[in-house]
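Participant: Have a look at this one.
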Amino acid sequence: MSDRIPQRILDALTDVPMPRLPEPLAPDDTILCGDQRVPLYRCGALVIGSGAAGLRAAVEIRRRGGDVAIATQSAWGGTSACSGSDKQTLHTANTADAGDDYRAMAQALRAGGAMDADTAYIEAVGSVRAMASLQYLGLPLPQDRLGGTLRYQTDHDETGRATSCGPRTSRLMVKVLAEEALHLGTPVHNHTTAVRILVDGGRVTGVLAVRPRSESAENPHGFVLFACNALVLAAGGPGELYRDSVFPNGCFGSLGLALEAGLELVNLTESQFGIGTRREGFPWNLSGTYVQVIPYIYSRDAEGAEHNFLADYYRSTQELASNVFRKGYQWPFHAERMLDFRSSLVDLAIVREGQKGRRVFMDFNRNPAPVPGSAPFSLDRLDPDVAAYLRAAGASQALPIDRLRHMNPLAIELYRRYKVDIAAEPLEFAVNNQHMNGGIAVDTWGRTSLPGVYAVGEAAGTHGATRPGGSALNAGQVFGTRVGEHIGASGFARTPPAGAVAGAAAVVAEICALLRPETGVPVQDIRTEVQARMSDAAGILCVPEDVSTALSEARALNARLCQSGVAPRRKGEVGRALQWRQMALASEAVLTALDTYIAGGGGSRGARAICDPAGEALPQARTGPLADVRFRKERAADKTHQLVLRMEGEAMTVKARPNRAFDADSRAFFERDWPDWLTGAVFDLESDAPAAADQPG
């Protein structure tokens, strides 16, 4: 492939410039909140976040005549613009080689369980529209000579529905959507961090945010108020929850924001973990061709000695090499794949090396070292599925770097952009947290449990226990569109709200009381404690007693924060301090859900193995049974429901609810169903209409 692609094309697909923002808008007004004078902006709808999902929602609201604005802590700086791997792919529902339809795709999306059937069908149906509209905006998705979309297989996907523009697909999506949003005149409030949702009469009325450039003698904390009739939470996932994370720095998401507002959260037990480079350097997931070229994976101890540690786990060089390859499309850790010498044994081995204090590397200039007593590595000695793939790709080169250069030269170029030359030196990596599959509970229109508030993208908990790679990106586009449609049909965003913002002064006073620079808990202490606890007790290996202990510690931290407050380290760090307070709440919420699930007998699924000496599953290594990671298997009954969590006061409650069903055999009938579309009955507007006095014009 590299011989056929000019360097200028490689450059264009890895260096993706983003559009410049217009000059900031002046506030519509200022209001007095206690002794602080706060700038006030009014908009019909406010979108929190400037990633692919939030931009899609803003564009769709704007197209329907809505008065919409975007608030973001860092424009074009979130996960979809700056990170990658499964976010490289977008699912399509066009005909597969073996035949495909919406029902089959929906079944694949929810095969892992704990996902609503109607949501899966919506994502399947909407995928074609999402793809076509992105192509219309200029996203260069690859096609064959007859216009068919080029596709490939990814994790939890046996059909091959994924497509990609290369490692920067999601950034290219952000680019074309950002250009469209700006073309439509959508205001973007940059360096603006939402810190509290304002509620009055059981409905959203606005958002309190922090913006450093708004600091003044009359507004020392830099508060900013947004009054809105509708709010879309699209700030991504809680990447800062974990020390071992592939999220870009500063990804806090909105789970804590949602908890403080009383919103229901769902499936917080479900995340994704996998191999990738740490965010201290250039955070990126090492899926796809990075591992399909079968590099040598080894560890290095404190004395500098190398260890061919995977050879302690696999029985032959062929088995070892073939499972390294399979990490390309079985990238996320999955407990079941630790059994029978399959691909997640790679993840387990890497984690155990880290526990020994060793650093793990991937060397593209060396083939895998042999397993003791086994034949050396050879492309002629690979499992049939692996050999067939490499043969079809023409990847017969002698070294991994040459195979990578042939199959995916963009993979090399991408790291070079960040001063890492994987063609010349080994690449250090680890098993990292990558995605939150749970999040804010939403219905089929993206509505949360608080009227007027919607959630899309990784902020929304729609994905279930496992999902095909790339489906999260598709879900954000599909539900961003549906949120835009619903807000457009409701009329909420046609005109901004008038009058005072109820409760703003009380919220400002409450937050000011929480900020205690001299006596509060330092931000760095909160970060260190939260991240260490989550990485050590709630990673891919969960010991029930450790999870319970971690939950008790998380509750104690939040009690201390309530009593002592939070201490920003310096001027301009108010927003970050409040985000770490919210991250502490999110940590407690995840641990509460996980502890409840485990205590109820829940087994291993998706991201985590629930270790149990009485567990039915015992992973084996070449050196013998791995008794310390014996784990419970997943119960089939747990696939049929989801755990819903809500914060009431300072307590967090958890309840189970069945997955929403969907009759896949039901058929639409034009004459019967068209009136519901014409009258807007499909949008179910009565359930969240504001009081008559608050109706937008």
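Residue numbers start at 1 in each chain; chains themselves are named A, B, ... in the order of the structure tokens; ligands are numbered from 1 in the order shown.
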Select from range 444-474 of chain A every residue with an atom at most 10 Å from any atom of range 225-229 of chain A, then for each give the shortest pair of atoms and their distance in Å to one decimal, using only C-alpha atoms, rows by chain and rising number, as a tab-separated table.

Facilitator:
residue	atom	partner	partner_atom	distance
A:Pro451	CA	A:Asn229	CA	9.7
A:Gly452	CA	A:Asn229	CA	6.5
A:Val453	CA	A:Asn229	CA	8.9

Participant: With N, CA, C and O atoms retained, export the selected residues as a tab-separated table (two decimals), in the first residue's frame.

Facilitator:
chain	number	residue	atom	x	y	z
A	451	PRO	N	-36.55	16.58	32.37
A	451	PRO	CA	-37.12	17.22	31.18
A	451	PRO	C	-36.28	18.38	30.68
A	451	PRO	O	-35.80	19.21	31.45
A	452	GLY	N	-36.10	18.39	29.36
A	452	GLY	CA	-35.32	19.43	28.72
A	452	GLY	C	-33.85	19.09	28.55
A	452	GLY	O	-33.14	19.80	27.84
A	453	VAL	N	-33.38	18.02	29.19
A	453	VAL	CA	-31.97	17.62	29.11
A	453	VAL	C	-31.85	16.36	28.26
A	453	VAL	O	-32.58	15.38	28.46

Participant: From the set A:Thr193, A:Gln620, A:Thr186, A:Ser666, which residue has the shortest atom-to-atom contact distance to Gly66 in chain A, counting only C-alpha atoms?

Facilitator: A:Thr186

Participant: Running DSSP on the backbone, which parts of range 461-664 of chain A land in strand (DSSP E or B), as a ChimeraX atom specification?

Facilitator: /A:515,521-522,541-542,566-567,604-605,608-611,617,620-621,624-625,631,633,641-648,651-658

Participant: Could you tell me how far CA of Ala621 in chain A sits from CA of Ala636 in chain A, in Å to one decimal place?

Facilitator: 26.9 Å

Participant: Which of range 395-527 of chain A end up as alpha helix (DSSP H) when DSSP is run on this backbone - answer as a PyMOL selection string?

Facilitator: chain A and resi 400-407+409-416+471-490+504-514+523-527

Participant: Would you mind telling me which residue in A:Ala305, A:Ala475, A:Ala423, A:Leu348 lies nearest to Asn437 in chain A when using only C-alpha atoms?

Facilitator: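 Among the listed residues, the smallest separation from Asn437 in chain A belongs to A:Ala475.
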
Participant: Would you give me, as JSON lines, each residue of range 621-670 of chain A having an atom within 8 Å of an atom of range 591-606 of chain A, along with its shortest atom pair and that distance in Å to one decimal, using only C-alpha atoms and sorting by chain and residue number?

Facilitator:
{"residue": "A:Phe631", "atom": "CA", "partner": "A:Ser604", "partner_atom": "CA", "distance": 7.0}
{"residue": "A:Arg632", "atom": "CA", "partner": "A:Gly603", "partner_atom": "CA", "distance": 4.9}
{"residue": "A:Lys633", "atom": "CA", "partner": "A:Gly603", "partner_atom": "CA", "distance": 4.9}
{"residue": "A:Glu634", "atom": "CA", "partner": "A:Gly603", "partner_atom": "CA", "distance": 4.0}
{"residue": "A:Arg635", "atom": "CA", "partner": "A:Gly603", "partner_atom": "CA", "distance": 6.1}
{"residue": "A:Asp638", "atom": "CA", "partner": "A:Gly602", "partner_atom": "CA", "distance": 7.2}
{"residue": "A:Leu643", "atom": "CA", "partner": "A:Ala593", "partner_atom": "CA", "distance": 7.1}
{"residue": "A:Leu645", "atom": "CA", "partner": "A:Ala593", "partner_atom": "CA", "distance": 7.1}
{"residue": "A:Met652", "atom": "CA", "partner": "A:Thr592", "partner_atom": "CA", "distance": 7.4}
{"residue": "A:Val654", "atom": "CA", "partner": "A:Ala593", "partner_atom": "CA", "distance": 6.8}

Participant: Hey, which of A:Met131, A:Leu265, A:Cys542, A:Ala111 ends up closest to Thr163 in chain A? Count only C-alpha atoms.

Facilitator: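 Of A:Met131, A:Leu265, A:Cys542, A:Ala111, the one nearest Thr163 in chain A is A:Met131, counting only C-alpha atoms.
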